[in-house]
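Raw contents of data22.tsv, TSV, C-alpha atoms:
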chain	number	residue	atom	x	y	z
A	1	MET	CA	-108.13	35.01	-69.48
A	2	ASN	CA	-104.81	33.24	-69.00
A	3	PHE	CA	-102.59	31.87	-71.76
A	4	ARG	CA	-104.19	28.42	-71.60
A	5	GLY	CA	-107.67	29.84	-72.18
A	6	GLU	CA	-106.37	32.10	-74.95
A	7	THR	CA	-104.65	29.13	-76.59
A	8	ARG	CA	-107.84	27.06	-76.38
A	9	LEU	CA	-109.79	29.85	-78.10
A	10	TRP	CA	-107.08	30.16	-80.75
A	11	ILE	CA	-107.25	26.42	-81.52
A	12	LEU	CA	-111.06	26.53	-81.60
A	13	GLN	CA	-111.00	29.42	-84.04
A	14	ARG	CA	-108.53	27.73	-86.37
A	15	ALA	CA	-110.42	24.42	-86.23
A	16	SER	CA	-113.77	26.11	-86.88
A	17	ALA	CA	-112.16	28.03	-89.77
A	18	ALA	CA	-111.14	24.74	-91.36
A	19	VAL	CA	-114.70	23.41	-90.99
A	20	LEU	CA	-116.15	26.64	-92.39
A	21	ALA	CA	-113.83	26.62	-95.42
A	22	LEU	CA	-115.27	23.25	-96.40
A	23	CYS	CA	-118.86	24.17	-95.49
A	24	VAL	CA	-118.81	27.41	-97.53
A	25	LEU	CA	-117.47	25.55	-100.58
A	26	VAL	CA	-120.15	22.84	-100.35
A	27	HIS	CA	-122.83	25.45	-99.69
A	28	LEU	CA	-121.91	27.60	-102.71
A	29	ALA	CA	-121.46	24.63	-105.05
A	30	THR	CA	-124.83	23.23	-104.02
A	31	LEU	CA	-126.53	26.60	-104.47
A	32	ILE	CA	-125.11	27.08	-107.97
A	33	TYR	CA	-125.95	23.52	-108.97
A	34	ALA	CA	-129.48	23.48	-107.53
A	35	VAL	CA	-130.70	26.89	-108.67
A	36	GLN	CA	-129.56	26.68	-112.30
A	37	GLY	CA	-133.06	26.60	-113.73
A	38	GLY	CA	-134.60	28.83	-111.06
A	39	LEU	CA	-136.40	27.53	-107.96
A	40	SER	CA	-139.35	28.73	-105.92
A	41	GLY	CA	-139.36	28.71	-102.12
A	42	ALA	CA	-141.87	25.88	-102.12
A	43	GLU	CA	-139.70	23.78	-104.46
A	44	ILE	CA	-136.67	24.29	-102.24
A	45	LEU	CA	-138.56	23.27	-99.11
A	46	ALA	CA	-139.92	20.21	-100.89
A	47	ARG	CA	-136.35	19.06	-101.51
A	48	THR	CA	-134.87	19.96	-98.16
A	49	ARG	CA	-137.47	19.02	-95.57
A	50	GLY	CA	-136.80	15.74	-93.84
A	51	ASN	CA	-133.33	15.41	-95.30
A	52	ALA	CA	-131.17	14.22	-92.37
A	53	THR	CA	-127.85	14.59	-94.22
A	54	TRP	CA	-128.37	18.26	-95.05
A	55	PHE	CA	-129.81	18.84	-91.60
A	56	ALA	CA	-126.57	17.49	-90.10
A	57	PHE	CA	-124.40	19.45	-92.57
A	58	TYR	CA	-126.05	22.79	-91.88
A	59	SER	CA	-126.10	22.16	-88.13
A	60	VAL	CA	-122.33	21.75	-88.24
A	61	PHE	CA	-122.10	24.88	-90.42
A	62	VAL	CA	-124.13	26.97	-87.96
A	63	LEU	CA	-122.26	25.73	-84.90
A	64	ALA	CA	-118.90	26.42	-86.56
A	65	VAL	CA	-120.07	29.99	-87.25
A	66	ALA	CA	-121.21	30.37	-83.63
A	67	VAL	CA	-117.72	29.32	-82.46
A	68	HIS	CA	-115.67	31.16	-85.09
A	69	ALA	CA	-117.26	34.61	-85.32
A	70	PRO	CA	-117.27	35.59	-81.62
A	71	ILE	CA	-113.60	34.62	-81.18
A	72	GLY	CA	-112.63	36.80	-84.12
A	73	LEU	CA	-114.82	39.61	-82.81
A	74	ARG	CA	-113.06	39.26	-79.46
A	75	SER	CA	-109.76	40.36	-80.99
A	76	VAL	CA	-111.44	43.22	-82.83
A	77	LEU	CA	-113.07	44.49	-79.62
A	78	GLY	CA	-109.78	44.22	-77.74
A	79	GLU	CA	-107.63	45.89	-80.34
A	80	TRP	CA	-109.98	48.58	-81.62
A	81	PHE	CA	-111.90	49.49	-78.48
A	82	GLY	CA	-109.58	48.29	-75.70
A	83	TRP	CA	-112.39	46.09	-74.35
A	84	ARG	CA	-110.46	43.29	-72.65
A	85	SER	CA	-112.37	42.79	-69.40
A	86	ARG	CA	-114.44	39.77	-68.46
A	87	SER	CA	-117.58	41.57	-69.58
A	88	ARG	CA	-116.27	41.20	-73.15
A	89	ASP	CA	-116.28	37.40	-72.84
A	90	ALA	CA	-119.75	37.40	-71.27
A	91	ALA	CA	-121.09	39.58	-74.10
A	92	LEU	CA	-119.44	37.36	-76.72
A	93	LEU	CA	-120.83	34.20	-75.12
A	94	ALA	CA	-124.28	35.77	-75.44
A	95	PHE	CA	-123.48	36.64	-79.07
A	96	ALA	CA	-122.36	33.06	-79.74
A	97	LEU	CA	-125.60	31.69	-78.27
A	98	LEU	CA	-127.62	34.18	-80.34
A	99	LEU	CA	-125.85	33.07	-83.53
A	100	ALA	CA	-126.39	29.41	-82.68
A	101	TRP	CA	-130.05	29.95	-81.82
A	102	MET	CA	-130.83	32.00	-84.95
A	103	GLY	CA	-128.89	29.63	-87.18
A	104	MET	CA	-130.41	26.45	-85.75
A	105	ARG	CA	-133.87	28.02	-85.99
A	106	ALA	CA	-133.29	28.42	-89.72
A	107	VAL	CA	-131.88	24.89	-90.03
A	108	PHE	CA	-134.96	23.44	-88.32
A	109	ALA	CA	-137.28	25.51	-90.53
A	110	VAL	CA	-135.64	24.36	-93.76
A	111	PHE	CA	-134.50	20.79	-93.07
A	112	ALA	CA	-136.53	19.35	-90.18
B	113	MET	CA	-80.81	66.21	-108.94
B	114	SER	CA	-81.60	69.38	-106.97
B	115	ALA	CA	-78.81	70.96	-104.91
B	116	THR	CA	-80.68	70.78	-101.62
B	117	LEU	CA	-83.03	68.46	-99.78
B	118	ASN	CA	-86.21	69.51	-97.98
B	119	VAL	CA	-86.07	67.59	-94.71
B	120	SER	CA	-88.65	67.46	-91.89
B	121	VAL	CA	-87.30	66.15	-88.61
B	122	TRP	CA	-89.27	65.31	-85.48
B	123	ARG	CA	-88.33	67.62	-82.61
B	124	GLY	CA	-89.37	67.21	-78.99
B	125	GLY	CA	-91.07	64.37	-77.14
B	126	ALA	CA	-94.39	62.65	-77.80
B	127	ASP	CA	-96.12	66.03	-78.15
B	128	GLY	CA	-93.41	67.48	-80.40
B	129	ALA	CA	-93.69	68.43	-84.05
B	130	PHE	CA	-91.78	68.20	-87.33
B	131	ARG	CA	-89.36	71.04	-88.09
B	132	ASP	CA	-88.11	71.78	-91.60
B	133	TYR	CA	-84.47	72.00	-92.63
B	134	GLU	CA	-82.69	72.55	-95.92
B	135	VAL	CA	-79.73	70.21	-96.32
B	136	PRO	CA	-77.15	70.15	-99.18
B	137	ARG	CA	-77.56	67.13	-101.39
B	138	HIS	CA	-74.63	64.85	-102.23
B	139	ALA	CA	-74.08	61.72	-104.27
B	140	SER	CA	-74.44	58.44	-102.29
B	141	GLN	CA	-75.77	60.39	-99.30
B	142	THR	CA	-77.47	58.34	-96.60
B	143	VAL	CA	-80.33	59.46	-94.37
B	144	LEU	CA	-77.91	59.22	-91.42
B	145	ASP	CA	-75.60	61.66	-93.29
B	146	VAL	CA	-78.54	64.07	-93.52
B	147	VAL	CA	-79.34	63.82	-89.80
B	148	THR	CA	-75.65	64.20	-88.92
B	149	HIS	CA	-75.37	67.29	-91.13
B	150	ILE	CA	-78.34	68.89	-89.34
B	151	GLN	CA	-76.89	68.12	-85.91
B	152	ARG	CA	-73.35	69.26	-86.73
B	153	THR	CA	-74.12	72.27	-88.90
B	154	LEU	CA	-77.66	73.55	-88.47
B	155	ASP	CA	-78.89	72.61	-84.98
B	156	PRO	CA	-76.57	71.02	-82.39
B	157	THR	CA	-79.50	70.39	-80.01
B	158	LEU	CA	-80.86	67.60	-82.26
B	159	ALA	CA	-80.81	64.25	-80.42
B	160	TYR	CA	-80.33	61.04	-82.38
B	161	ARG	CA	-78.62	57.71	-81.93
B	162	TYR	CA	-76.06	55.89	-84.06
B	163	SER	CA	-72.87	53.94	-83.67
B	164	CYS	CA	-71.29	51.81	-86.39
B	165	ARG	CA	-72.64	53.56	-89.54
B	166	VAL	CA	-72.29	50.33	-91.54
B	167	GLY	CA	-75.40	48.32	-90.68
B	168	MET	CA	-73.95	46.19	-87.92
B	169	CYS	CA	-75.17	47.72	-84.67
B	170	GLY	CA	-78.80	48.55	-85.51
B	171	SER	CA	-78.87	51.66	-83.33
B	172	CYS	CA	-79.70	54.24	-86.03
B	173	ALA	CA	-83.18	52.92	-86.91
B	174	MET	CA	-85.72	55.71	-87.45
B	175	THR	CA	-88.98	56.25	-89.30
B	176	VAL	CA	-88.14	57.57	-92.77
B	177	ASN	CA	-91.02	58.78	-94.92
B	178	GLY	CA	-93.40	56.60	-92.91
B	179	ALA	CA	-91.35	53.38	-92.84
B	180	ALA	CA	-88.89	52.16	-90.21
B	181	ARG	CA	-85.38	51.83	-91.63
B	182	TRP	CA	-81.72	51.75	-90.72
B	183	THR	CA	-80.76	55.30	-91.65
B	184	CYS	CA	-77.09	54.36	-92.23
B	185	ARG	CA	-78.03	51.87	-94.94
B	186	THR	CA	-80.74	53.97	-96.58
B	187	HIS	CA	-79.59	56.12	-99.48
B	188	VAL	CA	-81.45	59.40	-99.85
B	189	ASP	CA	-81.95	58.65	-103.58
B	190	LYS	CA	-84.03	55.63	-102.64
B	191	VAL	CA	-86.49	57.41	-100.35
B	192	TYR	CA	-86.55	61.10	-101.43
B	193	LYS	CA	-90.03	61.21	-103.00
B	194	ASN	CA	-92.07	64.29	-103.94
B	195	GLN	CA	-89.27	66.59	-102.77
B	196	LYS	CA	-89.79	65.41	-99.20
B	197	LEU	CA	-87.78	63.55	-96.59
B	198	GLU	CA	-89.56	63.10	-93.27
B	199	ILE	CA	-87.51	61.62	-90.43
B	200	GLY	CA	-89.05	60.65	-87.09
B	201	PRO	CA	-88.32	58.33	-84.16
B	202	LEU	CA	-89.29	54.65	-84.26
B	203	ARG	CA	-93.00	54.03	-83.75
B	204	ASN	CA	-94.59	51.91	-81.02
B	205	LEU	CA	-91.96	53.09	-78.53
B	206	PRO	CA	-91.96	56.12	-76.21
B	207	VAL	CA	-90.03	59.09	-77.57
B	208	ILE	CA	-87.26	60.32	-75.28
B	209	ARG	CA	-86.41	63.34	-77.43
B	210	ASP	CA	-86.28	64.13	-81.14
B	211	LEU	CA	-85.19	60.96	-82.99
B	212	VAL	CA	-84.34	58.92	-79.89
B	213	ALA	CA	-86.87	56.26	-78.91
B	214	ASP	CA	-86.87	54.59	-75.51
B	215	MET	CA	-85.91	50.95	-76.25
B	216	ARG	CA	-86.40	49.62	-72.70
B	217	GLU	CA	-89.81	48.04	-73.31
B	218	PHE	CA	-88.53	46.49	-76.53
B	219	PHE	CA	-85.70	44.67	-74.71
B	220	ASP	CA	-87.75	43.93	-71.59
B	221	LYS	CA	-90.08	41.96	-73.82
B	222	TRP	CA	-87.19	39.76	-74.98
B	223	ALA	CA	-86.74	38.82	-71.32
B	224	ARG	CA	-90.50	38.35	-70.88
B	225	ALA	CA	-90.53	35.99	-73.89
B	226	GLN	CA	-87.78	33.98	-72.16
B	227	GLY	CA	-85.27	35.02	-74.78
B	228	GLN	CA	-82.32	33.85	-72.66
B	229	PHE	CA	-80.58	30.60	-73.49
B	230	ARG	CA	-80.88	28.03	-70.69
B	231	GLY	CA	-78.48	25.15	-71.06
B	232	ALA	CA	-77.67	22.17	-68.87
B	233	ARG	CA	-73.99	21.72	-69.77
B	234	THR	CA	-71.03	23.17	-67.90
B	235	LYS	CA	-67.51	24.07	-68.98
B	236	ALA	CA	-66.48	20.55	-67.95
B	237	ASP	CA	-68.83	18.96	-70.50
B	238	ASP	CA	-68.01	18.22	-74.11
B	239	PHE	CA	-69.45	20.41	-76.90
B	240	ALA	CA	-73.03	19.71	-77.89
B	241	ARG	CA	-72.99	18.11	-81.31
B	242	ILE	CA	-75.74	19.49	-83.54
B	243	ALA	CA	-75.76	18.32	-87.14
B	244	PRO	CA	-75.58	21.47	-89.35
B	245	GLY	CA	-78.09	19.94	-91.74
B	246	SER	CA	-80.65	18.97	-89.11
B	247	GLU	CA	-84.13	20.46	-89.50
B	248	LYS	CA	-84.04	22.34	-86.23
B	249	ARG	CA	-80.56	23.72	-86.82
B	250	LYS	CA	-81.70	25.07	-90.20
B	251	LEU	CA	-84.65	26.81	-88.52
B	252	VAL	CA	-82.27	28.39	-86.01
B	253	ASP	CA	-79.94	29.50	-88.83
B	254	ALA	CA	-82.81	31.21	-90.62
B	255	ALA	CA	-83.66	33.28	-87.55
B	256	ILE	CA	-80.47	33.85	-85.59
B	257	GLU	CA	-79.05	36.97	-87.31
B	258	CYS	CA	-81.32	39.50	-85.56
B	259	ILE	CA	-79.35	42.45	-84.13
B	260	GLY	CA	-82.22	43.98	-82.16
B	261	CYS	CA	-82.63	47.21	-84.13
B	262	GLY	CA	-86.38	47.49	-83.46
B	263	VAL	CA	-87.42	48.02	-87.09
B	264	CYS	CA	-89.84	45.08	-86.96
B	265	TYR	CA	-91.26	46.26	-83.62
B	266	SER	CA	-91.81	49.73	-85.01
B	267	SER	CA	-93.48	48.34	-88.15
B	268	CYS	CA	-95.92	46.03	-86.34
B	269	ASP	CA	-99.58	47.09	-86.65
B	270	VAL	CA	-100.65	44.71	-83.87
B	271	LEU	CA	-98.41	46.53	-81.39
B	272	ALA	CA	-100.01	49.83	-82.29
B	273	ARG	CA	-103.31	48.39	-81.01
B	274	ASN	CA	-102.09	45.96	-78.38
B	275	PRO	CA	-99.14	47.53	-76.50
B	276	ASP	CA	-98.65	44.43	-74.33
B	277	TYR	CA	-97.89	42.29	-77.39
B	278	LEU	CA	-94.36	40.90	-77.13
B	279	GLY	CA	-93.63	41.86	-80.72
B	280	PRO	CA	-91.83	40.19	-83.64
B	281	ALA	CA	-88.23	40.43	-82.39
B	282	ALA	CA	-88.83	38.91	-78.95
B	283	LEU	CA	-91.01	36.13	-80.37
B	284	HIS	CA	-88.53	35.43	-83.14
B	285	ARG	CA	-85.76	35.14	-80.56
B	286	ALA	CA	-87.91	32.70	-78.58
B	287	TRP	CA	-88.40	30.68	-81.78
B	288	THR	CA	-84.63	30.25	-82.20
B	289	LEU	CA	-84.44	28.86	-78.66
B	290	VAL	CA	-87.44	26.57	-79.13
B	291	ASN	CA	-85.41	25.02	-81.96
B	292	ASP	CA	-82.13	24.99	-80.05
B	293	GLU	CA	-81.56	21.38	-79.07
B	294	ARG	CA	-79.24	22.42	-76.23
B	295	ASP	CA	-81.86	24.61	-74.57
B	296	THR	CA	-83.68	23.18	-71.58
B	297	LEU	CA	-86.51	25.61	-70.92
B	298	GLY	CA	-88.94	23.77	-73.21
B	299	VAL	CA	-92.61	24.20	-72.39
B	300	ASP	CA	-91.94	27.04	-69.93
B	301	ARG	CA	-90.88	29.19	-72.87
B	302	LEU	CA	-94.01	28.19	-74.80
B	303	ARG	CA	-96.08	29.34	-71.82
B	304	ALA	CA	-94.26	32.69	-71.90
B	305	VAL	CA	-95.05	33.24	-75.59
B	306	ALA	CA	-98.67	32.02	-75.57
B	307	GLY	CA	-101.75	34.17	-75.13
B	308	ASP	CA	-103.12	37.58	-76.05
B	309	ALA	CA	-99.73	39.29	-75.59
B	310	GLY	CA	-97.91	36.42	-77.29
B	311	CYS	CA	-97.71	34.67	-80.63
B	312	GLN	CA	-101.46	34.20	-81.02
B	313	ALA	CA	-101.96	37.97	-81.22
B	314	CYS	CA	-100.04	38.10	-84.53
B	315	HIS	CA	-102.38	38.74	-87.47
B	316	THR	CA	-99.76	37.82	-90.06
B	317	HIS	CA	-99.69	41.29	-91.59
B	318	VAL	CA	-96.05	40.47	-92.50
B	319	SER	CA	-94.89	44.09	-92.01
B	320	CYS	CA	-92.02	42.86	-89.79
B	321	THR	CA	-90.80	40.49	-92.48
B	322	GLU	CA	-91.21	43.09	-95.21
B	323	ARG	CA	-89.20	45.73	-93.33
B	324	CYS	CA	-86.51	43.62	-91.62
B	325	PRO	CA	-83.17	45.04	-92.84
B	326	LYS	CA	-81.58	41.60	-92.32
B	327	SER	CA	-84.24	39.93	-94.52
B	328	LEU	CA	-85.33	37.71	-91.65
B	329	ALA	CA	-88.89	36.40	-91.44
B	330	PRO	CA	-90.26	36.90	-87.92
B	331	THR	CA	-93.75	36.12	-89.27
B	332	ALA	CA	-92.62	32.58	-90.09
B	333	GLY	CA	-91.05	32.20	-86.65
B	334	ILE	CA	-94.22	33.41	-84.95
B	335	ALA	CA	-96.26	30.95	-87.05
B	336	GLY	CA	-93.89	28.23	-85.85
B	337	LEU	CA	-94.49	29.28	-82.25
B	338	LYS	CA	-98.26	29.16	-82.80
B	339	ARG	CA	-97.94	25.57	-84.02
B	340	ALA	CA	-95.62	24.60	-81.17
B	341	VAL	CA	-97.94	26.17	-78.56
B	342	ALA	CA	-101.01	24.49	-80.11
B	343	ARG	CA	-99.26	21.10	-80.15
B	344	ALA	CA	-98.27	21.48	-76.50
B	345	ALA	CA	-101.84	22.51	-75.58
B	346	LEU	CA	-103.37	19.55	-77.42
B	347	ALA	CA	-100.91	17.22	-75.70
B	348	GLY	CA	-101.98	18.67	-72.36
B	349	GLU	CA	-98.47	19.99	-71.62
B	350	LEU	CA	-99.12	23.73	-71.71
Would you give me this structure, written as structure tokens?
Amino acid sequence: MNFRGETRLWILQRASAAVLALCVLVHLATLIYAVQGGLSGAEILARTRGNATWFAFYSVFVLAVAVHAPIGLRSVLGEWFGWRSRSRDAALLAFALLLAWMGMRAVFAVFA
Amino acid sequence: MSATLNVSVWRGGADGAFRDYEVPRHASQTVLDVVTHIQRTLDPTLAYRYSCRVGMCGSCAMTVNGAARWTCRTHVDKVYKNQKLEIGPLRNLPVIRDLVADMREFFDKWARAQGQFRGARTKADDFARIAPGSEKRKLVDAAIECIGCGVCYSSCDVLARNPDYLGPAALHRAWTLVNDERDTLGVDRLRAVAGDAGCQACHTHVSCTERCPKSLAPTAGIAGLKRAVARAALAGEL
């Protein structure tokens, strides 16, 4: 990948990190607030299902993870295992799609 | 204070080994004094490099007890721990012999990072007038005192894993030129310092800044380059 592509990935990783910092804070604060008295799975689903705001929030969360994690992993694979060929990017694209698919599957199950 | 020092010195090339020497201990003795004693008294075949002996030339940098240092400005008292003084060549560079590292790649990377000043004025033109208090001039001032000793390069963990990485010194030099209002290379220099071998490879471990004998902060310069490159990319100029 040339320097333009590398720079694009770098910007995407920093931008997704900023989104994730906010998402993780909201996620943890909501968890702590909501589960204070103890909640069953059924009670949680009763609150979350059909909630468009939380659906949108967690969709953003999942997509930010799918962007952020593979770019970070890309550096790890390059530096630790010397894997810098195009096959690395193909494998990481597949990993990104897997993260997005698994994450969105969970978002649909809980919030749709 | 014991009368002698137990010193291990790297002998040979990349596949060499440490050899032990016993060196008389003196007050205010530097690590360079120790190496010089070994070469002049115990083993004249020892190869090492030095010039000024007062921290101006940067040629005597070696790895002392695991950390890159100027040996002329390092007192033995400061680093002699557990009755051991281990002296090796700089890391992240090929070893020519004993304590002499091959610096070619280190300086070639300065050229690859476009570390040369490119101006537009000639002798016939007036001096460029840069306000000493201007923001950019202050950034240049904070970075300009590098003497190219290679301590930061040797201390960089990213280079150990990514040998193509331009390294802290070359990128820091580029940062001074990015802030030099007389320089005309502009976005071409940003292109040279972007990418997997450039500023974006820095993980901000800060080892270069921690070890720089001149107390410079290459990490901050590299962070500045990252911002400059990102701004140029977002503006569609990269």
Got a sec: who's within 8 Å of segment 58-68 of chain A, counting all atoms listed in the file, leaving out chain neighbours fewer than 6 positions off, as an MDAnalysis selection string?
chainID A and resid 12:13 16:17 19:20 23 96:97 99:100 103:104 107
What does the distance between atom CA of Gly78 of chain A and atom CA of Met174 of chain B come to in Å, to one decimal place?
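Straight-line distance from atom CA of Gly78 of chain A to atom CA of Met174 of chain B works out to 28.4 Å.
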If the cut-off is 12 Å, can you tell me the residues of chain A near chain B, counting all atoms listed in the file? I'd like them as a list in words.
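The answer, sorted by residue number, is Met1, Asn2, Phe3, Arg4, Gly5, Glu6, Thr7, Arg8, Leu9, Trp10, Ile11, Leu12, Gln13, Arg14, Ala15, Gly72, Arg74, Ser75, Val76, Leu77, Gly78, Glu79, Trp80, Phe81, Gly82, Trp83 and Arg84 of chain A.
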Between atom CA of Ala255 of chain B and atom CA of Glu293 of chain B lies a distance of 14.8 Å
May I ask which of the residues B:Ala173, B:Ala180, B:Val299, B:Leu337 is the closest one to Cys320 of chain B, counting all atoms listed in the file?
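When distances to Cys320 of chain B are compared using all atoms listed in the file, the smallest one comes from B:Ala180.
Minimum atom-to-atom distances from B:Cys258, B:Val207, B:Val290, B:Cys268 to Cys169 of chain B were compared using all atoms listed in the file, and the lowest value belongs to B:Cys258.
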Work out how far atom CA of Val119 of chain B is from atom CA of Ile150 of chain B, in Å to one decimal.
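So the answer is 9.5 Å.
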Which protein, DNA or RNA residues have an atom at most 8 Å from (-91.4, 42.4, -81.0), counting all atoms listed in the file? List them as an NGL selection string.
:B and (218 or 221-222 or 262 or 264-265 or 268 or 277-284)
Selected residue, from A:Ala109, A:Phe57, A:Asn51, A:Ile44, that lies nearest to His27 of chain A when counting all atoms listed in the file:
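Looking at the shortest contact to His27 of chain A, the residue is A:Phe57.
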Quick one: everything within 6 Å of Arg209 of chain B, counting only C-alpha atoms, minus sequence neighbours fewer than 3 positions away in the same chain. Send it as a list in words.
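Neighbouring residues, sequence-local ones excluded: Gly124, Gly125 and Val212 of chain B.
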Might you pull out every residue within 9 Å of Ile199 of chain B, with only C-alpha atoms counted and same-chain residues fewer than 2 positions away left off, and present them as a PDB file with C-alpha atoms, in the coordinates of the input?
ATOM      1  CA  VAL B 119     -86.070  67.590 -94.710  1.00  0.00           C
ATOM      2  CA  SER B 120     -88.650  67.460 -91.890  1.00  0.00           C
ATOM      3  CA  VAL B 121     -87.300  66.150 -88.610  1.00  0.00           C
ATOM      4  CA  TRP B 122     -89.270  65.310 -85.480  1.00  0.00           C
ATOM      5  CA  PHE B 130     -91.780  68.200 -87.330  1.00  0.00           C
ATOM      6  CA  VAL B 143     -80.330  59.460 -94.370  1.00  0.00           C
ATOM      7  CA  VAL B 147     -79.340  63.820 -89.800  1.00  0.00           C
ATOM      8  CA  MET B 174     -85.720  55.710 -87.450  1.00  0.00           C
ATOM      9  CA  THR B 175     -88.980  56.250 -89.300  1.00  0.00           C
ATOM     10  CA  VAL B 176     -88.140  57.570 -92.770  1.00  0.00           C
ATOM     11  CA  ASN B 177     -91.020  58.780 -94.920  1.00  0.00           C
ATOM     12  CA  GLY B 178     -93.400  56.600 -92.910  1.00  0.00           C
ATOM     13  CA  LEU B 197     -87.780  63.550 -96.590  1.00  0.00           C
ATOM     14  CA  PRO B 201     -88.320  58.330 -84.160  1.00  0.00           C
ATOM     15  CA  LEU B 211     -85.190  60.960 -82.990  1.00  0.00           C
TER      16      LEU B 211
END
Counting only C-alpha atoms, the residue among A:Arg86, A:Leu98, A:Ala52, A:Leu45 that lies closest to Pro70 of chain A is A:Leu98
Might you pull out every residue within 10 Å of Asp189 of chain B, with all atoms listed in the file counted and same-chain residues fewer than 2 positions away left off, and present them as a PDB file with C-alpha atoms, keeping the file's coordinate frame?
ATOM      1  CA  MET B 113     -80.810  66.210-108.940  1.00  0.00           C
ATOM      2  CA  ARG B 137     -77.560  67.130-101.390  1.00  0.00           C
ATOM      3  CA  HIS B 138     -74.630  64.850-102.230  1.00  0.00           C
ATOM      4  CA  ALA B 139     -74.080  61.720-104.270  1.00  0.00           C
ATOM      5  CA  SER B 140     -74.440  58.440-102.290  1.00  0.00           C
ATOM      6  CA  GLN B 141     -75.770  60.390 -99.300  1.00  0.00           C
ATOM      7  CA  THR B 142     -77.470  58.340 -96.600  1.00  0.00           C
ATOM      8  CA  VAL B 143     -80.330  59.460 -94.370  1.00  0.00           C
ATOM      9  CA  THR B 186     -80.740  53.970 -96.580  1.00  0.00           C
ATOM     10  CA  HIS B 187     -79.590  56.120 -99.480  1.00  0.00           C
ATOM     11  CA  VAL B 191     -86.490  57.410-100.350  1.00  0.00           C
ATOM     12  CA  TYR B 192     -86.550  61.100-101.430  1.00  0.00           C
ATOM     13  CA  LYS B 193     -90.030  61.210-103.000  1.00  0.00           C
TER      14      LYS B 193
END
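If you measure from each of B:Asp269, B:Glu134, B:Asp237, B:Asp253 to Arg285 of chain B using all atoms listed in the file, the closest one turns out to be B:Asp253.
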With N, CA and C atoms as the goal, would you fill in the gaps in segment 281-293 of chain B and present it as a compact mmCIF listing (two decimals), keeping the file's coordinate frame?
# COMPACT_ATOMS: atom_id res chain seq x y z
N ALA B 281 -89.63 40.75 -82.71
CA ALA B 281 -88.23 40.43 -82.39
C ALA B 281 -88.14 39.47 -81.21
N ALA B 282 -88.88 39.76 -80.14
CA ALA B 282 -88.83 38.91 -78.95
C ALA B 282 -89.35 37.51 -79.26
N LEU B 283 -90.44 37.44 -80.03
CA LEU B 283 -91.01 36.13 -80.37
C LEU B 283 -90.07 35.36 -81.31
N HIS B 284 -89.45 36.08 -82.22
CA HIS B 284 -88.53 35.43 -83.14
C HIS B 284 -87.32 34.87 -82.39
N ARG B 285 -86.86 35.62 -81.40
CA ARG B 285 -85.76 35.14 -80.56
C ARG B 285 -86.19 33.85 -79.83
N ALA B 286 -87.41 33.88 -79.28
CA ALA B 286 -87.91 32.70 -78.58
C ALA B 286 -87.95 31.50 -79.52
N TRP B 287 -88.31 31.77 -80.78
CA TRP B 287 -88.40 30.68 -81.78
C TRP B 287 -87.03 30.04 -82.01
N THR B 288 -85.96 30.85 -82.02
CA THR B 288 -84.63 30.25 -82.20
C THR B 288 -84.31 29.32 -81.02
N LEU B 289 -84.75 29.68 -79.83
CA LEU B 289 -84.44 28.86 -78.66
C LEU B 289 -85.33 27.62 -78.58
N VAL B 290 -86.56 27.74 -79.07
CA VAL B 290 -87.44 26.57 -79.13
C VAL B 290 -86.80 25.49 -80.02
N ASN B 291 -86.06 25.96 -81.03
CA ASN B 291 -85.41 25.02 -81.96
C ASN B 291 -83.98 24.66 -81.57
N ASP B 292 -83.49 25.26 -80.49
CA ASP B 292 -82.13 24.99 -80.05
C ASP B 292 -82.12 23.71 -79.21
N GLU B 293 -81.50 22.68 -79.74
CA GLU B 293 -81.56 21.38 -79.07
C GLU B 293 -80.82 21.36 -77.74
